[in-house]
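*Asks:* work-v8.cif (mmCIF, C-alpha atoms) pasted underneath:
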data_run
#
loop_
_atom_site.label_atom_id
_atom_site.label_comp_id
_atom_site.auth_asym_id
_atom_site.auth_seq_id
_atom_site.Cartn_x
_atom_site.Cartn_y
_atom_site.Cartn_z
CA MET A 1 -112.30 -1.61 73.09
CA ARG A 2 -110.95 1.31 75.02
CA VAL A 3 -109.26 4.06 73.02
CA MET A 4 -106.90 6.35 74.95
CA ARG A 5 -104.87 9.40 73.98
CA ARG A 6 -101.21 8.42 73.62
CA PRO A 7 -98.83 9.75 76.28
CA GLY A 8 -97.28 13.03 75.24
CA ILE A 9 -100.17 14.00 72.96
CA ALA A 10 -102.13 17.02 74.21
CA ASP A 11 -105.29 16.09 76.13
CA PRO A 12 -106.89 19.45 77.00
CA GLU A 13 -109.88 17.80 78.67
CA GLY A 14 -107.66 15.76 80.97
CA THR A 15 -105.41 18.71 81.81
CA THR A 16 -108.36 20.95 82.67
CA THR A 17 -110.01 18.29 84.83
CA ALA A 18 -106.75 17.57 86.68
CA ARG A 19 -106.42 21.26 87.48
CA ALA A 20 -109.99 21.37 88.80
CA LEU A 21 -109.34 18.34 91.04
CA ASN A 22 -106.17 19.99 92.36
CA ASP A 23 -108.16 23.15 93.12
CA LEU A 24 -110.70 21.07 95.04
CA GLY A 25 -107.95 19.79 97.32
CA PHE A 26 -107.15 16.53 95.53
CA THR A 27 -103.54 17.56 95.37
CA GLU A 28 -102.38 13.98 94.87
CA VAL A 29 -103.82 14.03 91.33
CA THR A 30 -100.97 14.32 88.84
CA GLY A 31 -102.92 13.55 85.70
CA VAL A 32 -106.36 12.82 84.28
CA HIS A 33 -106.81 10.94 81.03
CA PHE A 34 -109.99 10.69 79.04
CA GLY A 35 -110.65 7.79 76.72
CA ARG A 36 -113.54 6.33 74.87
CA ASP A 37 -115.19 2.94 75.25
CA ILE A 38 -116.59 1.46 72.06
CA VAL A 39 -118.63 -1.72 72.17
CA VAL A 40 -118.86 -3.67 68.92
CA ASP A 41 -121.19 -6.65 68.46
CA VAL A 42 -119.36 -9.19 66.35
CA GLU A 43 -120.22 -12.61 64.99
CA ALA A 44 -117.13 -14.81 64.96
CA ASP A 45 -116.21 -18.49 65.09
CA ASP A 46 -114.35 -18.05 68.36
CA ALA A 47 -113.10 -15.36 70.71
CA SER A 48 -109.66 -15.24 69.17
CA ALA A 49 -110.94 -14.72 65.63
CA GLY A 50 -113.32 -12.01 66.85
CA HIS A 51 -110.52 -10.32 68.75
CA ASP A 52 -108.30 -10.22 65.67
CA ARG A 53 -111.03 -8.63 63.58
CA VAL A 54 -111.68 -5.96 66.20
CA VAL A 55 -107.96 -5.16 66.29
CA GLU A 56 -108.15 -4.66 62.51
CA MET A 57 -111.12 -2.33 63.01
CA CYS A 58 -109.11 -0.31 65.53
CA GLU A 59 -106.14 -0.02 63.22
CA LYS A 60 -108.23 1.03 60.26
CA LEU A 61 -110.94 3.24 61.70
CA LEU A 62 -111.80 3.17 65.40
CA ALA A 63 -108.48 4.53 66.70
CA ASN A 64 -106.11 7.04 65.12
CA PRO A 65 -102.63 5.57 65.64
CA VAL A 66 -101.14 9.06 65.28
CA ILE A 67 -102.62 10.14 68.59
CA GLU A 68 -104.30 7.15 70.24
CA ASP A 69 -103.59 3.74 71.75
CA TYR A 70 -106.24 1.09 72.25
CA VAL A 71 -106.91 -2.11 74.17
CA VAL A 72 -109.41 -4.74 73.11
CA GLU A 73 -111.24 -6.96 75.55
CA ARG A 74 -114.15 -9.34 75.28
CA ILE A 75 -117.33 -8.65 77.18
CA PRO A 76 -119.02 -12.02 77.86
CA MET B 77 -108.76 25.56 35.70
CA ARG B 78 -111.33 23.19 37.11
CA VAL B 79 -111.44 22.71 40.85
CA ALA B 80 -113.44 19.93 42.43
CA VAL B 81 -114.92 21.16 45.72
CA VAL B 82 -115.93 18.01 47.57
CA VAL B 83 -119.22 17.97 49.47
CA PHE B 84 -119.49 15.48 52.30
CA PRO B 85 -122.70 15.04 54.30
CA GLY B 86 -122.18 17.83 56.85
CA SER B 87 -119.87 20.06 54.81
CA ASN B 88 -121.02 23.66 55.14
CA CYS B 89 -118.33 25.91 53.63
CA GLU B 90 -118.44 24.56 50.11
CA LEU B 91 -120.37 27.52 48.69
CA ASP B 92 -117.96 29.99 50.27
CA ALA B 93 -115.12 28.07 48.63
CA VAL B 94 -116.91 28.06 45.26
CA HIS B 95 -117.57 31.81 45.50
CA ALA B 96 -113.97 32.60 46.39
CA LEU B 97 -112.46 30.36 43.72
CA SER B 98 -114.80 31.78 41.03
CA LEU B 99 -113.82 35.29 42.04
CA LEU B 100 -110.18 34.36 41.54
CA GLY B 101 -110.75 33.04 38.03
CA ALA B 102 -111.01 29.29 38.64
CA GLU B 103 -113.91 27.08 37.62
CA PRO B 104 -115.08 25.37 40.78
CA GLU B 105 -117.46 22.46 40.62
CA LEU B 106 -119.26 20.86 43.56
CA VAL B 107 -118.63 17.12 43.70
CA PHE B 108 -120.50 14.77 46.02
CA HIS B 109 -118.40 12.53 48.25
CA ARG B 110 -119.71 9.40 46.52
CA GLU B 111 -118.10 10.45 43.23
CA THR B 112 -115.38 8.05 42.12
CA ASP B 113 -113.99 9.90 39.10
CA LEU B 114 -112.27 13.27 39.41
CA SER B 115 -110.18 12.85 36.29
CA GLY B 116 -111.19 16.25 34.90
CA ALA B 117 -110.06 18.18 37.98
CA ASP B 118 -106.96 20.39 37.95
CA GLY B 119 -107.23 20.86 41.69
CA ILE B 120 -109.26 19.61 44.66
CA VAL B 121 -110.57 21.49 47.69
CA LEU B 122 -111.94 19.78 50.79
CA PRO B 123 -114.02 22.53 52.43
CA GLY B 124 -114.92 23.20 56.06
CA GLY B 125 -117.85 21.84 57.99
CA PHE B 126 -118.66 18.74 60.00
CA ALA B 127 -118.33 15.86 57.55
CA HIS B 128 -120.35 12.84 58.70
CA GLY B 129 -121.24 14.77 61.86
CA ASP B 130 -117.63 14.65 63.07
CA TYR B 131 -118.60 11.28 64.57
CA LEU B 132 -115.84 9.10 66.03
CA ARG B 133 -113.14 11.73 65.30
CA THR B 134 -113.22 14.72 62.97
CA GLY B 135 -112.53 13.45 59.46
CA ALA B 136 -112.33 9.80 60.53
CA ILE B 137 -115.32 8.62 58.53
CA ALA B 138 -114.98 11.14 55.69
CA ARG B 139 -111.53 9.73 55.08
CA PHE B 140 -113.22 6.53 53.81
CA SER B 141 -115.77 8.27 51.60
CA PRO B 142 -115.63 6.86 48.05
CA VAL B 143 -114.18 10.09 46.62
CA MET B 144 -111.09 9.83 48.81
CA ALA B 145 -109.44 7.20 46.63
CA GLU B 146 -109.47 9.77 43.82
CA VAL B 147 -108.19 12.48 46.15
CA GLU B 148 -105.31 10.20 47.14
CA ARG B 149 -104.55 9.35 43.51
CA HIS B 150 -104.50 13.01 42.51
CA ALA B 151 -102.38 13.91 45.53
CA ALA B 152 -99.82 11.28 44.53
CA ASN B 153 -99.78 12.64 40.95
CA GLY B 154 -98.93 16.16 42.10
CA THR B 155 -102.36 17.75 41.66
CA PRO B 156 -102.89 20.64 44.08
CA VAL B 157 -105.08 19.52 46.99
CA LEU B 158 -106.21 21.92 49.71
CA GLY B 159 -108.03 21.13 52.96
CA ILE B 160 -109.61 24.02 54.83
CA CYS B 161 -110.58 23.47 58.49
CA ASN B 162 -112.59 20.22 58.43
CA GLY B 163 -110.90 19.48 55.10
CA PHE B 164 -107.53 19.75 56.86
CA GLN B 165 -108.74 17.30 59.50
CA ILE B 166 -109.80 14.87 56.77
CA LEU B 167 -106.40 15.10 55.06
CA THR B 168 -104.60 14.24 58.33
CA GLU B 169 -106.94 11.31 58.99
CA ALA B 170 -106.26 10.09 55.45
CA GLY B 171 -102.53 10.26 56.10
CA LEU B 172 -102.03 12.75 53.25
CA LEU B 173 -100.74 15.22 55.83
CA PRO B 174 -98.95 14.32 59.08
CA GLY B 175 -100.33 14.80 62.60
CA ALA B 176 -103.88 15.27 63.83
CA LEU B 177 -106.25 17.96 65.10
CA VAL B 178 -107.64 17.66 68.64
CA ALA B 179 -109.82 19.82 70.90
CA ASN B 180 -108.67 23.40 71.50
CA ARG B 181 -106.47 23.93 74.56
CA ASP B 182 -109.15 25.92 76.41
CA LEU B 183 -112.00 23.63 75.34
CA ARG B 184 -113.84 26.49 73.66
CA PHE B 185 -115.08 26.85 70.13
CA ILE B 186 -113.09 29.70 68.58
CA CYS B 187 -114.80 31.93 66.03
CA ARG B 188 -112.84 35.10 65.40
CA PRO B 189 -110.19 36.54 63.08
CA VAL B 190 -106.64 35.49 63.92
CA HIS B 191 -103.25 36.49 62.57
CA VAL B 192 -101.01 33.97 60.85
CA ARG B 193 -97.44 34.43 59.67
CA VAL B 194 -96.27 32.90 56.40
CA GLU B 195 -93.38 30.52 57.12
CA SER B 196 -92.65 29.03 53.72
CA THR B 197 -93.65 29.60 50.10
CA ASP B 198 -92.95 26.04 48.98
CA SER B 199 -96.59 25.00 48.88
CA VAL B 200 -99.68 25.35 46.73
CA LEU B 201 -101.14 27.49 49.51
CA THR B 202 -98.34 30.04 49.89
CA ARG B 203 -96.52 30.13 46.54
CA ASN B 204 -97.56 33.77 45.87
CA ALA B 205 -97.13 34.96 49.47
CA GLU B 206 -94.05 36.40 51.14
CA VAL B 207 -92.25 34.70 53.98
CA GLY B 208 -92.79 36.72 57.15
CA SER B 209 -95.94 38.44 55.93
CA VAL B 210 -98.87 38.46 58.35
CA LEU B 211 -102.43 37.66 57.29
CA ARG B 212 -105.67 38.27 59.18
CA ILE B 213 -108.07 35.40 58.55
CA PRO B 214 -111.07 33.98 60.44
CA LEU B 215 -110.64 30.87 62.56
CA ASN B 216 -113.78 28.84 63.22
CA SER B 217 -113.18 25.54 64.98
CA TYR B 218 -113.31 23.47 68.15
CA GLU B 219 -110.80 20.81 67.06
CA GLY B 220 -108.10 23.11 65.72
CA ASN B 221 -105.29 22.12 68.07
CA TYR B 222 -102.58 20.62 65.86
CA VAL B 223 -100.64 17.74 67.40
CA VAL B 224 -97.90 15.55 66.01
CA ASP B 225 -95.36 13.28 67.69
CA THR B 226 -91.79 14.51 68.17
CA PRO B 227 -90.19 12.68 65.21
CA GLY B 228 -93.06 13.85 63.00
CA LEU B 229 -92.60 17.42 64.21
CA ASP B 230 -88.86 17.36 63.55
CA GLU B 231 -89.47 16.02 60.06
CA LEU B 232 -92.13 18.63 59.37
CA GLU B 233 -89.91 21.50 60.51
CA ALA B 234 -86.85 20.16 58.70
CA SER B 235 -88.70 19.74 55.40
CA GLY B 236 -90.24 23.22 55.51
CA GLY B 237 -93.66 21.64 55.95
CA VAL B 238 -94.94 24.36 58.30
CA VAL B 239 -96.42 27.04 56.06
CA LEU B 240 -98.45 29.16 58.53
CA ARG B 241 -98.11 29.89 62.26
CA TYR B 242 -100.48 31.80 64.54
CA SER B 243 -98.89 35.12 65.48
CA ASP B 244 -99.74 38.63 66.57
CA ARG B 245 -100.39 41.40 64.03
CA HIS B 246 -96.67 42.12 63.80
CA GLY B 247 -95.75 38.50 63.16
CA ALA B 248 -94.45 37.67 66.63
CA VAL B 249 -95.14 34.04 67.54
CA GLU B 250 -95.57 33.68 71.32
CA PRO B 251 -97.52 31.30 73.56
CA GLU B 252 -100.11 34.05 74.09
CA THR B 253 -100.62 34.50 70.33
CA ASN B 254 -101.53 30.82 70.02
CA PRO B 255 -105.34 30.68 70.03
CA ASN B 256 -105.88 26.94 70.36
CA GLY B 257 -102.75 25.33 71.77
CA SER B 258 -101.43 24.01 68.46
CA THR B 259 -97.95 22.52 68.64
CA ARG B 260 -95.47 25.32 67.86
CA SER B 261 -98.40 27.53 66.87
CA ILE B 262 -98.85 25.59 63.64
CA ALA B 263 -101.85 26.85 61.64
CA GLY B 264 -101.11 25.31 58.25
CA ILE B 265 -98.84 22.63 56.79
CA THR B 266 -97.90 21.00 53.51
CA ASN B 267 -96.62 17.59 52.47
CA THR B 268 -93.03 17.08 51.32
CA SER B 269 -93.98 17.59 47.65
CA GLY B 270 -95.77 20.85 48.47
CA ASN B 271 -98.89 19.92 46.50
CA VAL B 272 -101.10 18.93 49.43
CA ALA B 273 -101.77 21.62 52.02
CA GLY B 274 -104.14 22.11 54.95
CA LEU B 275 -104.93 24.95 57.30
CA MET B 276 -107.44 25.60 60.08
CA PRO B 277 -108.30 29.27 59.35
CA HIS B 278 -110.69 30.09 56.49
CA PRO B 279 -109.03 32.04 53.64
CA GLU B 280 -112.24 31.82 51.59
CA ARG B 281 -113.89 34.07 54.17
CA ALA B 282 -111.29 36.81 53.74
CA ILE B 283 -111.34 37.60 50.05
CA GLU B 284 -113.46 40.77 49.77
CA GLU B 285 -113.53 44.09 51.62
CA ILE B 286 -117.10 43.45 52.72
CA LEU B 287 -115.86 40.44 54.68
CA GLY B 288 -113.49 42.58 56.74
CA SER B 289 -110.26 41.27 55.26
CA THR B 290 -108.85 40.37 51.87
CA ASP B 291 -105.80 38.63 53.31
CA GLY B 292 -107.06 35.19 52.30
CA ARG B 293 -106.77 36.08 48.63
CA VAL B 294 -103.04 35.52 48.38
CA LEU B 295 -103.47 31.97 49.69
CA LEU B 296 -106.24 31.01 47.28
CA GLU B 297 -104.49 32.85 44.45
CA SER B 298 -101.47 30.68 45.20
CA PHE B 299 -103.67 27.62 44.93
CA VAL B 300 -105.20 28.73 41.62
CA ALA B 301 -101.76 29.62 40.23
CA SER B 302 -100.49 26.19 41.30
CA MET B 303 -103.19 24.46 39.28
CA GLU B 304 -101.97 26.24 36.18
CA ARG B 305 -98.53 24.77 36.65
CA ALA B 306 -99.36 21.31 37.96
CA PRO B 307 -99.38 18.19 35.82
CA THR B 308 -102.90 17.03 34.95
#
Would you mind writing the file's structure down as structure tokens?
*Replies:*
Amino acid sequence: MRVMRRPGIADPEGTTTARALNDLGFTEVTGVHFGRDIVVDVEADDASAGHDRVVEMCEKLLANPVIEDYVVERIP
Amino acid sequence: MRVAVVVFPGSNCELDAVHALSLLGAEPELVFHRETDLSGADGIVLPGGFAHGDYLRTGAIARFSPVMAEVERHAANGTPVLGICNGFQILTEAGLLPGALVANRDLRFICRPVHVRVESTDSVLTRNAEVGSVLRIPLNSYEGNYVVDTPGLDELEASGGVVLRYSDRHGAVEPETNPNGSTRSIAGITNTSGNVAGLMPHPERAIEEILGSTDGRVLLESFVASMERAPT
């Protein structure tokens, strides 16, 4: 899954990197957003069941819903 | 008054907390994070450090340590619960306090004394302090930048949940007196009942002249006094 900082929540790393890109002449950059990719190996009956369990994992532990959004995708 | 000072793998301020609490007349007791019975505790302190290596997010894994069910039960019963630095991060991850702590605005670890202004005395952390007084206390953190969404912030402000703000030595709160970018310079908060509080600076490191400041005493004295009054 990919965990990203929710819009509107401070992302000092992204802000600093955007400023550096602007300074280097990439003036079209209006924002940089850092996230985190987490790969979980799961045994499941089918892709849908595995997906649902990983969503549960995100809700409970892997993402903090106060500050982060997440998307789950299957890597074949 | 017995205080359980919880030790997670990676905690490193627990002995400072024990020393400070003993000095102020409490009976602190170190409790390992696997403990599942804190029934004898009149208060609970989650000390600073790097619980579980700060892996995933600060406090994210500590929040599921076995002891946390007891911390939550005590918190719901009105027992004074205090989170200092990493302990504050754990309390937000556990949902016992609103918001979250993220990396400092300037992406630098901050280790120096800062000034904080007391905003409210309706908490176990500030009961004996005076609103508007300014305390000089060490800050020692990389993820000390307090964030909360707008509805959460409004609720926090409206309920008097902000107990400490970063300021200058005279108590002025300005963008330039904000060391880490925290929303509205928030340094410490409490829950709506006032029995659970968290702060990023370290009051336990400002309790004796030899440490350079005794301004942390009033905060920990408040906590000890709160235990005397709280239901057990």
*Asks:* What residues in chain A lie within 8 Å of chain B, counting all atoms listed in the file, written as a PyMOL selection string?
*Replies:* chain A and resi 8-13+61-62+64+66-67
*Asks:* So which residues get picked by the PyMOL selection byres ((chain B and resi 288-304) around 9) here, written as a PyMOL selection string?
*Replies:* chain B and resi 77-79+96-97+100-102+118-119+155-158+199-205+210-214+271+278-287+305-308
*Asks:* Could the residues in this selection be saved with C-alpha atoms as a PDB file, keeping the file's coordinate frame?
*Replies:*
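Output file selection-v8.pdb follows:
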ATOM      1  CA  MET B  77    -108.760  25.560  35.700  1.00  0.00           C
ATOM      2  CA  ARG B  78    -111.330  23.190  37.110  1.00  0.00           C
ATOM      3  CA  VAL B  79    -111.440  22.710  40.850  1.00  0.00           C
ATOM      4  CA  ALA B  96    -113.970  32.600  46.390  1.00  0.00           C
ATOM      5  CA  LEU B  97    -112.460  30.360  43.720  1.00  0.00           C
ATOM      6  CA  LEU B 100    -110.180  34.360  41.540  1.00  0.00           C
ATOM      7  CA  GLY B 101    -110.750  33.040  38.030  1.00  0.00           C
ATOM      8  CA  ALA B 102    -111.010  29.290  38.640  1.00  0.00           C
ATOM      9  CA  ASP B 118    -106.960  20.390  37.950  1.00  0.00           C
ATOM     10  CA  GLY B 119    -107.230  20.860  41.690  1.00  0.00           C
ATOM     11  CA  THR B 155    -102.360  17.750  41.660  1.00  0.00           C
ATOM     12  CA  PRO B 156    -102.890  20.640  44.080  1.00  0.00           C
ATOM     13  CA  VAL B 157    -105.080  19.520  46.990  1.00  0.00           C
ATOM     14  CA  LEU B 158    -106.210  21.920  49.710  1.00  0.00           C
ATOM     15  CA  SER B 199     -96.590  25.000  48.880  1.00  0.00           C
ATOM     16  CA  VAL B 200     -99.680  25.350  46.730  1.00  0.00           C
ATOM     17  CA  LEU B 201    -101.140  27.490  49.510  1.00  0.00           C
ATOM     18  CA  THR B 202     -98.340  30.040  49.890  1.00  0.00           C
ATOM     19  CA  ARG B 203     -96.520  30.130  46.540  1.00  0.00           C
ATOM     20  CA  ASN B 204     -97.560  33.770  45.870  1.00  0.00           C
ATOM     21  CA  ALA B 205     -97.130  34.960  49.470  1.00  0.00           C
ATOM     22  CA  VAL B 210     -98.870  38.460  58.350  1.00  0.00           C
ATOM     23  CA  LEU B 211    -102.430  37.660  57.290  1.00  0.00           C
ATOM     24  CA  ARG B 212    -105.670  38.270  59.180  1.00  0.00           C
ATOM     25  CA  ILE B 213    -108.070  35.400  58.550  1.00  0.00           C
ATOM     26  CA  PRO B 214    -111.070  33.980  60.440  1.00  0.00           C
ATOM     27  CA  ASN B 271     -98.890  19.920  46.500  1.00  0.00           C
ATOM     28  CA  HIS B 278    -110.690  30.090  56.490  1.00  0.00           C
ATOM     29  CA  PRO B 279    -109.030  32.040  53.640  1.00  0.00           C
ATOM     30  CA  GLU B 280    -112.240  31.820  51.590  1.00  0.00           C
ATOM     31  CA  ARG B 281    -113.890  34.070  54.170  1.00  0.00           C
ATOM     32  CA  ALA B 282    -111.290  36.810  53.740  1.00  0.00           C
ATOM     33  CA  ILE B 283    -111.340  37.600  50.050  1.00  0.00           C
ATOM     34  CA  GLU B 284    -113.460  40.770  49.770  1.00  0.00           C
ATOM     35  CA  GLU B 285    -113.530  44.090  51.620  1.00  0.00           C
ATOM     36  CA  ILE B 286    -117.100  43.450  52.720  1.00  0.00           C
ATOM     37  CA  LEU B 287    -115.860  40.440  54.680  1.00  0.00           C
ATOM     38  CA  ARG B 305     -98.530  24.770  36.650  1.00  0.00           C
ATOM     39  CA  ALA B 306     -99.360  21.310  37.960  1.00  0.00           C
ATOM     40  CA  PRO B 307     -99.380  18.190  35.820  1.00  0.00           C
ATOM     41  CA  THR B 308    -102.900  17.030  34.950  1.00  0.00           C
TER      42      THR B 308
END
*Asks:* On this file, the PyMOL selection byres ((chain A and resi 72) around 6) gives some set of residues; write that set as a PyMOL selection string.
*Replies:* chain A and resi 1+71+73
*Asks:* Quick one: apply the PyMOL selection byres ((chain A and resi 37-46) around 9) to the file and drop the selected residues here as a PyMOL selection string.
*Replies:* chain A and resi 1-4+35-36+47-51+53-54+62+75
*Asks:* Atom CA of B:Thr266 and atom CA of B:Leu114, how far apart in Å?
*Replies:*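 Those two atoms sit 21.6 Å apart.
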*Asks:* Do a neighbour search on B:Asp130 at 12 Å with all atoms listed in the file, toss out local chain neighbours closer than 4 positions, and write the hits as a PyMOL selection string.
*Replies:* chain B and resi 84-87+124-126+134-139+162-163+165-166+169+178+217-219
*Asks:* For C-alpha atoms, I'd like the residues from the last selection saved as a tab-separated table (two decimals), in the frame of the given file.
*Replies:*
chain	number	residue	atom	x	y	z
B	84	PHE	CA	-119.49	15.48	52.30
B	85	PRO	CA	-122.70	15.04	54.30
B	86	GLY	CA	-122.18	17.83	56.85
B	87	SER	CA	-119.87	20.06	54.81
B	124	GLY	CA	-114.92	23.20	56.06
B	125	GLY	CA	-117.85	21.84	57.99
B	126	PHE	CA	-118.66	18.74	60.00
B	134	THR	CA	-113.22	14.72	62.97
B	135	GLY	CA	-112.53	13.45	59.46
B	136	ALA	CA	-112.33	9.80	60.53
B	137	ILE	CA	-115.32	8.62	58.53
B	138	ALA	CA	-114.98	11.14	55.69
B	139	ARG	CA	-111.53	9.73	55.08
B	162	ASN	CA	-112.59	20.22	58.43
B	163	GLY	CA	-110.90	19.48	55.10
B	165	GLN	CA	-108.74	17.30	59.50
B	166	ILE	CA	-109.80	14.87	56.77
B	169	GLU	CA	-106.94	11.31	58.99
B	178	VAL	CA	-107.64	17.66	68.64
B	217	SER	CA	-113.18	25.54	64.98
B	218	TYR	CA	-113.31	23.47	68.15
B	219	GLU	CA	-110.80	20.81	67.06
*Asks:* Assuming 4 Å of padding per side, give the centre and edge lengths of the axis-aligned box around every listed atom of stretch 4-11 of chain A, in Å to one decimal and as AutoDock Vina command-line options.
*Replies:*
--center_x -102.1 --center_y 11.7 --center_z 74.6 --size_x 17.6 --size_y 18.7 --size_z 11.3
*Asks:* Expressed in Å to a single decimal, how great is the separation between atom CA of B:Pro123 and atom CA of B:Asp92?
*Replies:*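 Here the two named atoms are 8.7 Å from each other.
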*Asks:* What separation in Å, quoted to one decimal, exists between atom CA of B:Tyr242 and atom CA of A:Glu68?
*Replies:* 25.6 Å
*Asks:* Neighbours of A:Gly31 within 9 Å (only C-alpha atoms; same-chain residues fewer than 6 positions away dropped), as a PDB file with C-alpha atoms, in the coordinates of the input?
*Replies:*
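Printed below is around33.pdb as written:
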ATOM      1  CA  GLY A  14    -107.660  15.760  80.970  1.00  0.00           C
ATOM      2  CA  THR A  15    -105.410  18.710  81.810  1.00  0.00           C
ATOM      3  CA  THR A  17    -110.010  18.290  84.830  1.00  0.00           C
ATOM      4  CA  ALA A  18    -106.750  17.570  86.680  1.00  0.00           C
ATOM      5  CA  ARG A  19    -106.420  21.260  87.480  1.00  0.00           C
TER       6      ARG A  19
END
*Asks:* Considering all atoms listed in the file, return as a compact mmCIF listing (two decimals) with C-alpha atoms, keeping the file's coordinate frame whatever protein or nucleic-acid residues lie within 7 Å of B:Arg110, sequence-local ones (same chain, fewer than 4 positions apart) excluded.
*Replies:*
# COMPACT_ATOMS: atom_id res chain seq x y z
CA SER B 141 -115.77 8.27 51.60
CA PRO B 142 -115.63 6.86 48.05
CA VAL B 143 -114.18 10.09 46.62
*Asks:* Quick one: of B:Ala170, B:Pro255, B:His150, B:Leu215, who's nearest to A:Lys60, counting all atoms listed in the file?
*Replies:*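 Looking only at the distances to A:Lys60, the closest residue turns out to be B:Ala170.
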